[in-house]
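Some notes on the structure that comes next.
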Amino acid sequence: AARADETKLRIGVLRLSSSAPVFIALDKGYFRDAGLDVELKFFDAAQPIAVATATGDVDVGVTAFTAGLYNLAGKGALKIIGGMSRDRPGFPLIGYFASNKAYESGLKTPKDIAGKRVAMTQVGSSFHYSVGLLAEKYGFKLADVKIVPLQSMSNMAAAIKGETVDAALMPVSAARKLMDEGAIKHLGWVGDETPWQVSGVFAGPKTLANAASVSKLLASLQRAEREYHDVVLASVKDGTAAIDDRTKPLLDIVGKYTNLPVDQVVGNCAYIDPDGKLDVKNIDSQIKWLQAQGFADPGYDAAAIIAKDYVKPD
Amino acid sequence: MLERTSKDPTETAGVQPARHVPFRGAGFTPAASRWAGWLALAAVLVVWQLVGGLALVNPLFLPTPAMIMRALYRLAASGALWQHVSASFVRIVAGWALGTASGIAVGFAIGLWRIARSIGITFVSALFPIPKIAVLPLLILWLGIGEQPKIATIALGVFFSTTISVYSGVDAVPRNLIRMAQSFDVPFPTIVRKVIWPGALPSILAGFRITASVALMLVVSAEMIGAETGIGTFVLQAGNLMQTDQLMAGILVLSLFGLAVGRLISLLEARLLHWR
Amino acid sequence: MLERTSKDPTETAGVQPARHVPFRGAGFTPAASRWAGWLALAAVLVVWQLVGGLALVNPLFLPTPAMIMRALYRLAASGALWQHVSASFVRIVAGWALGTASGIAVGFAIGLWRIARSIGITFVSALFPIPKIAVLPLLILWLGIGEQPKIATIALGVFFSTTISVYSGVDAVPRNLIRMAQSFDVPFPTIVRKVIWPGALPSILAGFRITASVALMLVVSAEMIGAETGIGTFVLQAGNLMQTDQLMAGILVLSLFGLAVGRLISLLEARLLHWR
Amino acid sequence: MDLIAQGISHRFDRLEVLDDVSFTVAAGEVVAIVGPSGCGKSTLLSILGGLLQPSAGQALLRGAPPPGCLNPLTFVFQDFALLPWASVAENVAFPLLHTSLSVAQRTAVVDDVLQRTGLSDFRAVYPKQLSGGMRQRVGLARALAVRPAMLLMDEPLSALDSQTRELLMEDFVDLLADGTLGAVYVTHNLEEAVRLADRIVVLSRRPGRIRKIVNVASPRHSRGDAATRAQLLELQNELWVLIRDEAIDAEREVQHA
Amino acid sequence: MDLIAQGISHRFDRLEVLDDVSFTVAAGEVVAIVGPSGCGKSTLLSILGGLLQPSAGQALLRGAPPPGCLNPLTFVFQDFALLPWASVAENVAFPLLHTSLSVAQRTAVVDDVLQRTGLSDFRAVYPKQLSGGMRQRVGLARALAVRPAMLLMDEPLSALDSQTRELLMEDFVDLLADGTLGAVYVTHNLEEAVRLADRIVVLSRRPGRIRKIVNVASPRHSRGDAATRAQLLELQNELWVLIRDEAIDAEREVQHA
Ligand SMILES: Nc1ncnc2c1ncn2[C@@H]1O[C@H](COP(=O)(O)OP(=O)(O)OP(=O)(O)O)[C@@H](O)[C@H]1O
Ligand SMILES: Nc1ncnc2c1ncn2[C@@H]1O[C@H](COP(=O)(O)OP(=O)(O)OP(=O)(O)O)[C@@H](O)[C@H]1O
Ligand SMILES: [Mg+2]
Ligand SMILES: [Mg+2]
């Protein structure tokens, strides 16, 4: 039962393993220990979480950084208070995939994407940014890639299976089934090519005003992050976590909230910093890149949208 | 002066050869025959099932009617169907009622007063053509992601159509009936209630037919805003997961819902407009 | 027998006190005055600008008219506006033309032949209420993600509305005109061309008004499917990126487009239906 | 109660419709107004009944309406103007709804006029189920329900077929016979005018001016006699000669949009 | 060319409308059909003109139509049935479009009938701009353009006001005077019947049966004379007495939905 002195917090999340610490902190009662009464609100896309945080439908959001999120933050509707998952070598999160036909005709590695038709959910999304990083890395022009925004995973799946696009960027969770079917070819992981800060924790002005509860929230999240990092991530080999007595309880929790069986959970464990640090430099370059593309409004930088009191820069 | 003529036409008809007046009034009376429609529907379903059954087409691309019915049955058996339908139903009813009530009020104002007309028509014609789906982000910003923006989306779509059909209806009330009422010194409110309202009712009910389908279209768009249940959500989700049998089951439910509402409005018309 | 009466009413009017017949014919003639609408529009814009200018509202939630115009200007100056509008225009025109042509053909068939009517009406009433946005995944599956599914989405929406307005129009052609033509032994094709077509034209043109707005609504939905340019894409993207000033600029463009099409249809009506 | 048209002129925007029309209808008198199409007859009647304000001149009343009168000047319309969604009884009761009559009084009045117009069996019937003649009888019953001092009738028979017209004209003759009810009777039909009116106002083409005011000498109740009918036929012919040329002109006029 | 109604009966579903109607219209003869509302007059005319197939009996033609005739049985409609989107000239040319006439011939025919009906000045005018009388003149011109052997006229004057009716009736008298054109003339109006017809077929109430066929003795051209007019008035009265009760019944009939 909720105690009278508990602060109520609504957290918006996706049912993805990249939010694992949130699930662990809730399930193991870390929030409660800190005097927080946390309620999770599940969304089916990253963008609405940012909007819901800005409109006050949730108090805190945990999800990927998108151009929409930065624009909301740029207008003062929310601020980033912590880091969450990152793309990192050895931790499969987002992958580059090719259609069978494109693979046959020479699309074999991520850098071959130049000049191809690439499906993604939306322009200005984290997938788009990943392609931008790739372009930077291999020195091809982003304009050479034909971006095909399809709004949803399903549309992307249909498009790449139907070979109407050459390639797609998809989260491993969505791509696994297609890979197993042999409908698409895996080219590589973003984490291996271009590591970056994928997601974070952010809050609206009303929540930020209550410094005590934000601190409590971040503290309990870090407790879970540390545990997740030391137990689950430490066991990851070849992109797959081990299932043993120590990891099993945590993996079960993640499986419960992501509606996945444990043997699938182990295959997509996103990297999460044990101290909840945020790669501020990378955030700043994300913003600059989005502003250059016209996806982000000009006139702000990372410093303007980060709540310095809370964020531990990397 | 009256005298019965004795000429008997059949008698004289034999004198010269007579021919039939050629018949030239055929056609142009296309009454629908009920069973032909059902028969055609059945035929299409059978062919469709056969095409699918013989594996001529990948069932992902075109699930057979049997698969669709099975998906629908599973949905109904699990109780989820009822949940989805009722969630959407509440949204549709709330949004429709809100849009209709405000549309009727504004439509009557436009129909009755000069100033209201000048202002109202300008705004309605400027705002009506805006696709509601384009306004979704704004509605979310303004109203959050709860039920309000969903209901508002539906209400907005319904509002404009209703306004237009109501003021057209008021305009179409025969002026001679209004003059008649005035000639008996009937006061303004009574004229509105007893002459204009019933006179505009046919057009208002015809508008309901349109707004019902608008509401049905918009519930799908509205449920793109983070809804967890609702037939629109179900369809969108099935689409996302490429579960085409479930997708089509959802579409079938939407179609049946639309047909049911259409039938309801026909009944309402038969009851309220029996004087026509 | 004809004789002019000598009674002069003004003369006798003085005998007893006379009073005016009370006037009771006021009201119920709500003609719109043009400038009042524009004035109201201007007033709203000024208040809106002031509210925004005084920072009473976060511009994220409600960008001021000036910000919207600036966004529009930037868009126009960069040449992107023209690209977006022309891409959408091509899709709208193609989809609309396809849907209209097939709708007119099917509508006429339903209006003229009994079998076509029985079958056609069954299918149209079953398929019409299905929200087109729900069918998008199927269209992508069937037609891929090029221009075809976009055009098909628009065509589909336009087709059903057109079909309905065309056969209603054919039904509304006065039967006496058809009988007249038959009574002169006018052959069937000539009756269709010279009587039914012009007789159904008012309803068909009224249908155009609806289908134009349907096409406009659907272009936004259609451009959810992997479009890179198009005013719908632009609006969706602005919504995704939470660039509300650009979003509103896009909405403004859509609204203006809608008004322009409405005006075009009015002109067409004035030209083609001058006989009314 | 007399009704006086005093120098009435009217124009719709640029269109001059009536020019200085003056005449008096005494209480209980029946005055017919005839004239070619579009000469302003309906406009004149609207002005007399207070539904339209004339550009110049005025419509005046003199003397008190009879006791119990609820609406001194009551219209009977060419197109009947019945509420299609109301039954016969409801249509007749319609002008009584906003009066001070109690429900019982209202019912009594409605019953009375329905009986007088031979509509008692049709109380619950809707207008669309009735023939044109019966519809106009409902219009007449509704007018009588408010106990008018004067009926303003705008071509009340012209929407009817000739047999029905014949039948209703007989009713009108009975109704107006006792001289308690006055009427202004607008018509195209000279036969109706000479059968019903005490005086006939002949209007010129638009703008309508008074060309002639003709007294119909024979008393109304004797107009069924063969001799009187021949006389009336003659009067009718004289009137026809008077307006025939203008009627032809009016008919050949082209409306410009 | 004679037109023969031979034992014509008709029913619409359950509704018996005509019962064993037989008569002959000889070439050049004008036969009026009168009867109460709804007795099946229009139905009978549709059957005679081949627009409706009778339930029993038949409509027959005997003898050849006159040379140059394009449409032996030609209708003139009560509501004129003009194409509102076509000008006067186009309306008149409409029944000629599908014939073998050349464009020049067509123009000549149209010019000719427009002149005969006094419409030459109105060639380019649209129906909505015309008065009712002029519209019916267009209807008549169109009918004449196909050189009919017999006109089938369904209450051609009943949609017109009485002055216009008077004017058009004069035209009809002229048109039918020379006896080359036959006509079946359906009407409610006994005055029209006695003015125009050689014979008058009186139908009973629905189901319409022939109650009487009356010859109008006086030759048509002399019907303007005062003496003949008195005689005709008498005939008209006799006919009225004959159908009055049925007209009352027909009028009081309630339509059930
Ligand atoms: N509200 C109006 N606005 C403009 N013009 C009008 C209006 N009402 C009538 N008119 C015109 O005024 C003229 C007189 O009309 P009115 O109806 O009084 O004639 P009328 O004598 O009753 O004709 P009819 O015999 O055809 O009934 C006509 O030319 C008509 O077109
Ligand atoms: N197509 C139809 N279907 C069913 N009933 C019809 C049809 N046409 C006419 N009737 C009915 O048949 C009867 C005779 O109709 P018809 O029009 O021939 O009468 P009429 O003598 O011309 O009447 P009026 O004098 O009113 O013109 C009427 O009761 C009418 O309601
Ligand atoms: Mg008038
Ligand atoms: Mg008839």
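In the structure tokens, the first chain shown is A, the next is B, and so on; residue numbers restart at 1 for each chain, and ligands run from 1 in the order shown.
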Could you list, as JSON, numbers by chain, every residue within 9 Å of D:Gln129, counting only C-alpha atoms and ignoring same-chain residues fewer than 6 positions away? {"E": [253, 254, 255, 256, 257]}
Ligand 4: which residues are within 12 Å, counting only C-alpha atoms and all ligand atoms, as a PyMOL selection string? (chain D and resi 161) or (chain E and resi 17+33-46+77-79+153-156+158-159+185-188)
With N, CA, C and O atoms retained, write the just-selected residues as a compact mmCIF listing (two decimals), in the first residue's frame.
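That gives us part-v3.txt:
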# COMPACT_ATOMS: atom_id res chain seq x y z
N ASP D 161 -56.34 21.59 -59.22
CA ASP D 161 -56.89 21.26 -60.53
C ASP D 161 -58.29 21.84 -60.65
O ASP D 161 -58.92 22.20 -59.65
N VAL E 17 -56.33 0.28 -61.81
CA VAL E 17 -56.36 1.67 -62.23
C VAL E 17 -57.29 1.87 -63.44
O VAL E 17 -58.02 2.85 -63.50
N ILE E 33 -60.17 13.51 -72.64
CA ILE E 33 -60.47 12.52 -71.61
C ILE E 33 -60.59 13.27 -70.30
O ILE E 33 -59.65 13.94 -69.88
N VAL E 34 -61.77 13.18 -69.70
CA VAL E 34 -61.94 13.84 -68.41
C VAL E 34 -62.36 12.81 -67.37
O VAL E 34 -62.83 11.72 -67.71
N GLY E 35 -62.15 13.15 -66.14
CA GLY E 35 -62.48 12.23 -65.05
C GLY E 35 -61.86 12.75 -63.78
O GLY E 35 -60.97 13.60 -63.83
N PRO E 36 -62.31 12.23 -62.64
CA PRO E 36 -61.80 12.72 -61.36
C PRO E 36 -60.33 12.38 -61.18
O PRO E 36 -59.78 11.53 -61.87
N SER E 37 -59.70 13.04 -60.22
CA SER E 37 -58.29 12.80 -59.90
C SER E 37 -58.01 11.33 -59.64
O SER E 37 -58.76 10.66 -58.95
N GLY E 38 -56.90 10.86 -60.17
CA GLY E 38 -56.45 9.51 -59.85
C GLY E 38 -57.25 8.42 -60.51
O GLY E 38 -57.12 7.24 -60.16
N CYS E 39 -58.06 8.76 -61.54
CA CYS E 39 -58.90 7.74 -62.15
C CYS E 39 -58.15 6.99 -63.25
O CYS E 39 -58.69 6.07 -63.85
N GLY E 40 -56.90 7.40 -63.51
CA GLY E 40 -56.11 6.65 -64.47
C GLY E 40 -55.95 7.32 -65.82
O GLY E 40 -55.52 6.69 -66.79
N LYS E 41 -56.23 8.61 -65.91
CA LYS E 41 -56.13 9.31 -67.18
C LYS E 41 -54.69 9.31 -67.70
O LYS E 41 -54.44 8.99 -68.87
N SER E 42 -53.76 9.64 -66.80
CA SER E 42 -52.35 9.69 -67.24
C SER E 42 -51.86 8.30 -67.60
O SER E 42 -51.10 8.12 -68.56
N THR E 43 -52.29 7.31 -66.81
CA THR E 43 -51.91 5.94 -67.10
C THR E 43 -52.40 5.53 -68.49
O THR E 43 -51.66 4.94 -69.28
N LEU E 44 -53.64 5.87 -68.78
CA LEU E 44 -54.21 5.55 -70.08
C LEU E 44 -53.40 6.19 -71.20
O LEU E 44 -53.07 5.54 -72.21
N LEU E 45 -53.04 7.45 -71.01
CA LEU E 45 -52.30 8.15 -72.06
C LEU E 45 -50.91 7.52 -72.25
O LEU E 45 -50.45 7.37 -73.39
N SER E 46 -50.28 7.12 -71.15
CA SER E 46 -48.97 6.46 -71.25
C SER E 46 -49.09 5.16 -72.05
O SER E 46 -48.23 4.84 -72.86
N PHE E 77 -46.37 17.43 -72.29
CA PHE E 77 -46.47 17.10 -70.87
C PHE E 77 -46.99 18.26 -70.03
O PHE E 77 -46.76 19.42 -70.33
N GLN E 78 -47.61 17.88 -68.93
CA GLN E 78 -48.13 18.87 -67.99
C GLN E 78 -47.01 19.76 -67.43
O GLN E 78 -47.17 20.96 -67.32
N ASP E 79 -45.88 19.11 -67.10
CA ASP E 79 -44.77 19.88 -66.51
C ASP E 79 -43.75 20.28 -67.58
O ASP E 79 -42.62 20.59 -67.27
N MET E 153 -51.70 14.76 -75.14
CA MET E 153 -51.48 15.89 -74.25
C MET E 153 -52.03 15.58 -72.87
O MET E 153 -53.22 15.34 -72.70
N ASP E 154 -51.14 15.60 -71.86
CA ASP E 154 -51.57 15.28 -70.49
C ASP E 154 -51.68 16.57 -69.68
O ASP E 154 -50.69 17.08 -69.16
N GLU E 155 -52.89 17.08 -69.60
CA GLU E 155 -53.14 18.32 -68.86
C GLU E 155 -52.11 19.39 -69.21
O GLU E 155 -51.45 19.95 -68.33
N PRO E 156 -52.00 19.72 -70.48
CA PRO E 156 -50.91 20.62 -70.88
C PRO E 156 -51.05 22.02 -70.30
O PRO E 156 -50.08 22.77 -70.30
N SER E 158 -52.55 22.69 -67.14
CA SER E 158 -52.94 22.77 -65.73
C SER E 158 -51.86 23.33 -64.83
O SER E 158 -52.13 23.69 -63.70
N ALA E 159 -50.62 23.44 -65.34
CA ALA E 159 -49.59 24.04 -64.49
C ALA E 159 -49.51 25.55 -64.70
O ALA E 159 -48.63 26.20 -64.15
N TYR E 185 -56.53 14.53 -75.51
CA TYR E 185 -56.30 15.66 -74.63
C TYR E 185 -56.84 15.33 -73.24
O TYR E 185 -58.04 15.35 -73.02
N VAL E 186 -55.94 14.97 -72.33
CA VAL E 186 -56.36 14.64 -70.97
C VAL E 186 -56.48 15.93 -70.18
O VAL E 186 -55.59 16.78 -70.22
N THR E 187 -57.58 16.09 -69.48
CA THR E 187 -57.73 17.30 -68.68
C THR E 187 -58.72 17.11 -67.54
O THR E 187 -59.55 16.21 -67.55
N HIS E 188 -58.55 17.97 -66.54
CA HIS E 188 -59.54 18.07 -65.46
C HIS E 188 -60.56 19.12 -65.79
O HIS E 188 -61.58 19.22 -65.13
Taking only C-alpha atoms into account and nothing else, which residues of chain C lie no more than 6 Å away from chain B? Please answer as a PyMOL selection string. chain C and resi 28+30-33+36-37+112-114+117-119+122+129-131+137+213+217+239+255+258
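Minimum distance to chain C across D:Phe23, D:Phe172, D:Tyr126, D:Phe80 (counting only C-alpha atoms) occurs at D:Phe23.
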Sort by chain and increasing residue number a table of all residues of chain D within 12 Å of ligand 2, each with its closest pair of atoms and their distance in Å to one decimal, counting only C-alpha atoms and all ligand atoms, and write it as a Markdown table.
| residue | atom | partner | partner_atom_place_in_ligand_line | distance |
| --- | --- | --- | --- | --- |
| D:Gln129 | CA | ligand 2 | 31 (O) | 11.1 |
| D:Leu130 | CA | ligand 2 | 26 (O) | 12.0 |
| D:Ser131 | CA | ligand 2 | 26 (O) | 8.9 |
| D:Gly132 | CA | ligand 2 | 26 (O) | 9.9 |
| D:Gly133 | CA | ligand 2 | 26 (O) | 11.7 |
| D:Leu160 | CA | ligand 2 | 26 (O) | 10.3 |
| D:Asp161 | CA | ligand 2 | 25 (O) | 7.9 |
| D:Ser162 | CA | ligand 2 | 25 (O) | 10.0 |
| D:Gln163 | CA | ligand 2 | 25 (O) | 9.6 |
| D:Thr164 | CA | ligand 2 | 25 (O) | 10.4 |
Within 7 Å of stretch 178-190 of chain A, counting only C-alpha atoms, which residues qualify if same-chain residues fewer than 4 places away don't, as a list in words? Asp87, Pro92, Ile94, Gly95, Tyr96, Phe97, Ala98, Ser99, Asn100, Tyr103, Lys108, Thr109, Pro110, Ser130, Lys161, Thr194 and Pro195 of chain A
Using only C-alpha atoms, find the residues of chain E whose closest atom to chain B is at most 8 Å away, then write them as an mmCIF file with C-alpha atoms, in the first residue's frame.
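Output saved as out_37.cif:
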data_model
loop_
_atom_site.group_PDB
_atom_site.id
_atom_site.type_symbol
_atom_site.label_atom_id
_atom_site.label_comp_id
_atom_site.auth_asym_id
_atom_site.auth_seq_id
_atom_site.Cartn_x
_atom_site.Cartn_y
_atom_site.Cartn_z
ATOM 1 C CA ILE E 4 -57.397 2.584 -80.957
ATOM 2 C CA ALA E 5 -57.727 1.723 -77.308
ATOM 3 C CA GLN E 6 -58.872 -1.882 -77.227
ATOM 4 C CA SER E 22 -62.029 1.053 -75.441
ATOM 5 C CA PHE E 23 -62.375 3.912 -77.897
ATOM 6 C CA THR E 24 -60.982 5.084 -81.202
ATOM 7 C CA LEU E 48 -51.688 4.819 -75.695
ATOM 8 C CA GLY E 49 -48.266 6.378 -76.306
ATOM 9 C CA GLY E 50 -46.319 3.144 -75.749
ATOM 10 C CA LEU E 51 -44.653 4.256 -72.520
ATOM 11 C CA LEU E 52 -46.426 1.670 -70.420
ATOM 12 C CA GLN E 53 -47.597 -1.860 -71.150
ATOM 13 C CA GLN E 58 -53.875 -3.124 -76.228
ATOM 14 C CA ALA E 59 -53.209 0.165 -77.943
ATOM 15 C CA LEU E 60 -53.371 -0.144 -81.718
ATOM 16 C CA LEU E 61 -52.561 2.001 -84.720
ATOM 17 C CA ARG E 62 -54.443 1.766 -87.992
ATOM 18 C CA GLY E 63 -53.402 3.337 -91.239
ATOM 19 C CA LYS E 212 -69.900 8.189 -71.254
ATOM 20 C CA ILE E 213 -68.549 9.363 -74.562
ATOM 21 C CA VAL E 214 -69.991 12.744 -75.474
ATOM 22 C CA ASN E 215 -69.925 14.315 -78.911
ATOM 23 C CA LEU E 235 -72.663 21.160 -71.942
ATOM 24 C CA GLU E 238 -74.013 18.837 -67.688
#
Give me the residues within 10 Å of A:Leu133 as JSON, numbers by chain, counting only C-alpha atoms and dropping any in the same chain fewer than 6 places off. {"A": [127, 139, 142, 190, 193, 194, 195, 196, 286, 289]}
Please run DSSP on the backbone and report, as an NGL selection string, all residues within stretch 6-115 of chain A that come out as strand (DSSP E or B). :A and (7-14 or 36-43 or 60-64 or 79-83 or 85-88 or 91 or 94-99)
Write out as a ChimeraX atom specification the residues lying within 12 Å of E:Pro219, counting only C-alpha atoms and excluding same-chain residues fewer than 4 positions away. /E:29-30,173,176-179,194-199,215,223-225,228-229,232
Based on the selection just made, write C-alpha atoms of those residues as a PDB file, in the first residue's frame.
ATOM      1  CA  GLU E  29     -59.866  14.047 -84.414  1.00  0.00           C
ATOM      2  CA  VAL E  30     -59.484  15.627 -80.965  1.00  0.00           C
ATOM      3  CA  VAL E 173     -57.628  26.073 -80.961  1.00  0.00           C
ATOM      4  CA  LEU E 176     -55.958  21.981 -84.086  1.00  0.00           C
ATOM      5  CA  ALA E 177     -58.356  23.994 -86.225  1.00  0.00           C
ATOM      6  CA  ASP E 178     -57.456  22.622 -89.658  1.00  0.00           C
ATOM      7  CA  GLY E 179     -58.063  19.010 -88.668  1.00  0.00           C
ATOM      8  CA  VAL E 194     -65.655  21.546 -74.507  1.00  0.00           C
ATOM      9  CA  ARG E 195     -63.595  24.245 -76.221  1.00  0.00           C
ATOM     10  CA  LEU E 196     -61.125  21.889 -77.884  1.00  0.00           C
ATOM     11  CA  ALA E 197     -62.591  18.419 -78.322  1.00  0.00           C
ATOM     12  CA  ASP E 198     -64.665  16.711 -80.959  1.00  0.00           C
ATOM     13  CA  ARG E 199     -65.537  14.030 -78.463  1.00  0.00           C
ATOM     14  CA  ASN E 215     -69.925  14.315 -78.911  1.00  0.00           C
ATOM     15  CA  ARG E 223     -66.994  28.019 -80.673  1.00  0.00           C
ATOM     16  CA  GLY E 224     -66.052  31.667 -80.118  1.00  0.00           C
ATOM     17  CA  ASP E 225     -69.586  32.843 -81.041  1.00  0.00           C
ATOM     18  CA  THR E 228     -72.242  28.624 -79.208  1.00  0.00           C
ATOM     19  CA  ARG E 229     -70.497  29.673 -76.025  1.00  0.00           C
ATOM     20  CA  LEU E 232     -70.987  25.005 -74.551  1.00  0.00           C
TER      21      LEU E 232
END
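Every protein or nucleic acid residue with an atom no more than 7 Å from A:Gln47, counting only C-alpha atoms and leaving out same-chain residues fewer than 3 positions away, appears here: Ala50, Val51, Thr66, Gly68 and Leu69 of chain A.
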Distance query E:Ile8 at most 6 Å, only C-alpha atoms, self and fewer than 6 positions along chain excluded, as number ranges by chain: E: 20-21, 56-58
For atom CA of A:Val38 and atom CA of A:Ala203, quote the distance in Å rounded to one decimal. 14.0 Å
If you run DSSP on this backbone, which residues of stretch 38-272 of chain B come out as helix (DSSP H, G or I), and could you give them as number ranges by chain? B: 38-53, 65-77, 80-112, 114-127, 132-143, 147-172, 175-183, 188-222, 231-240, 244-272
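Interatomic distance, atom CA of D:Ala93 against atom CA of D:Asp2: 26.7 Å.
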